[in-house]
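See structure below.
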Amino acid sequence: MAKRSGVPKDMDEYLARVPEPARSTLNKVRAAIRSVVPAEAAEAISYGIPTFKYKGNLVAFAAFSKHCSLFPMSYAVIDAFKKDLEDFTVSKGTIRFPLDKALPAGLLKRMVKLRLAEKGR
């Protein structure tokens with residue numbers, strides 16, 4: 001296997017580097033986010049992880065060795081969905097979920113919509 005060095009150039013390259021089952025899980029997360037963000041929202045790599053940008057950083061996600069994470073980039077979003085997130089490990093700015101089980105799409109979409117409202121959309 002070729003050594004993968006450096007920061008991926010885009011979200012596709014990042015996801016191509018992620019082993020299964022996390023790749024499929026993050027593809028579901030990406031699709032759910034993409035379905036609710038405005039067309040002008042950009043996909044980028046920020047701080048080495050996939051990030052949706054709309055009026056600045058909107059929301060990001062990543063795979064780690066034992067879990068996947070969503071970074072809503074807003075304490076208010078995490079707080080607003082505290083009850084819905086009881087089954088997940090939540091820290092100050094991160095929601096962790098299993099490598100093989102994406103966050104529920106409906107919940108994810110509601111969180112992104114709240115984040116968009118914070119950004120004035």
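Every chain in the structure tokens takes a letter, A first, then B, and so on in the order presented; its residues are numbered from 1, and the ligands are numbered from 1 following the presented order.
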Taking a cut-off of 12 Å and counting only C-alpha atoms, can you build a table that, for each residue of stretch 8-30 of chain A near stretch 67-89 of chain A, reports the nearest atom pair and how far apart they are in Å (one decimal), sorted by chain then residue number, as CSV?
residue,atom,partner,partner_atom,distance
A:Val18,CA,A:Cys68,CA,10.6
A:Pro19,CA,A:Cys68,CA,11.7
A:Glu20,CA,A:Cys68,CA,11.7
A:Pro21,CA,A:Cys68,CA,10.4
A:Ala22,CA,A:Cys68,CA,7.1
A:Arg23,CA,A:Cys68,CA,9.7
A:Ser24,CA,A:Cys68,CA,11.2
A:Thr25,CA,A:Cys68,CA,8.3
A:Leu26,CA,A:Cys68,CA,7.8
A:Asn27,CA,A:Cys68,CA,11.5
A:Lys28,CA,A:Cys68,CA,11.9
A:Val29,CA,A:Leu70,CA,8.7
A:Arg30,CA,A:Leu70,CA,10.4
Fill in: Near-A:Arg17 list (9 Å; only C-alpha atoms; drop same-chain fewer than 3 positions) as a PyMOL selection string
chain A and resi 4+8+12-14+23
Written file, previous selection with N, CA and C atoms, as a compact mmCIF listing (two decimals), in the first residue's frame:
# COMPACT_ATOMS: atom_id res chain seq x y z
N ARG A 4 0.43 7.17 2.54
CA ARG A 4 -0.44 8.33 2.38
C ARG A 4 0.09 9.43 3.28
N PRO A 8 -5.25 15.61 2.87
CA PRO A 8 -5.99 15.35 1.62
C PRO A 8 -6.41 16.66 0.96
N ASP A 12 -13.35 14.10 -1.12
CA ASP A 12 -13.30 12.79 -1.78
C ASP A 12 -12.00 12.06 -1.43
N GLU A 13 -10.89 12.77 -1.47
CA GLU A 13 -9.61 12.14 -1.15
C GLU A 13 -9.57 11.72 0.32
N TYR A 14 -10.10 12.56 1.20
CA TYR A 14 -10.15 12.20 2.62
C TYR A 14 -10.92 10.89 2.80
N ARG A 23 -15.88 4.60 6.20
CA ARG A 23 -16.07 5.35 4.95
C ARG A 23 -17.55 5.42 4.58
Worksheet item: Contacts of stretch 46-52 of chain A at 6 Å or less, counting only C-alpha atoms, minus same-chain residues fewer than 3 places along, as a count of residues only?
Response: 9
Which of chain A end up as helix (DSSP H, G or I) when DSSP is run on this backbone - answer as a short mmCIF file (atom, residue, chain, number, x, y, z; two decimals) with C-alpha atoms, in the first residue's frame?
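out_28.cif was written with the following content:
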data_model
loop_
_atom_site.label_atom_id
_atom_site.label_comp_id
_atom_site.auth_asym_id
_atom_site.auth_seq_id
_atom_site.Cartn_x
_atom_site.Cartn_y
_atom_site.Cartn_z
CA MET A 11 -13.37 15.58 0.81
CA ASP A 12 -13.30 12.79 -1.78
CA GLU A 13 -9.61 12.14 -1.15
CA TYR A 14 -10.15 12.20 2.62
CA LEU A 15 -12.96 9.65 2.38
CA ALA A 16 -10.95 7.45 0.01
CA ARG A 17 -8.33 7.13 2.76
CA ALA A 22 -16.21 4.25 8.61
CA ARG A 23 -16.07 5.35 4.95
CA SER A 24 -19.67 4.28 4.30
CA THR A 25 -20.76 5.86 7.58
CA LEU A 26 -19.14 9.19 6.72
CA ASN A 27 -20.55 9.09 3.19
CA LYS A 28 -24.03 8.92 4.77
CA VAL A 29 -23.15 11.86 7.02
CA ARG A 30 -21.89 13.83 4.02
CA ALA A 31 -25.04 13.10 2.00
CA ALA A 32 -27.33 14.12 4.87
CA ILE A 33 -25.46 17.40 5.34
CA ARG A 34 -25.34 18.10 1.60
CA TYR A 75 -22.11 24.71 21.61
CA ALA A 76 -25.68 25.93 21.16
CA VAL A 77 -26.42 23.20 18.60
CA ILE A 78 -25.08 20.48 20.89
CA ASP A 79 -27.03 21.95 23.79
CA ALA A 80 -30.26 22.23 21.76
CA ALA A 105 -30.11 11.40 9.21
CA GLY A 106 -33.12 13.31 10.55
CA LEU A 107 -31.24 14.40 13.66
CA LEU A 108 -28.19 15.36 11.63
CA LYS A 109 -30.30 17.43 9.23
CA ARG A 110 -32.02 19.23 12.12
CA MET A 111 -28.65 20.07 13.68
CA VAL A 112 -27.31 21.42 10.38
CA LYS A 113 -30.48 23.49 9.86
CA LEU A 114 -30.04 25.05 13.31
CA ARG A 115 -26.40 25.73 12.49
CA LEU A 116 -27.48 27.42 9.24
CA ALA A 117 -29.96 29.55 11.20
CA GLU A 118 -27.09 30.65 13.43
#
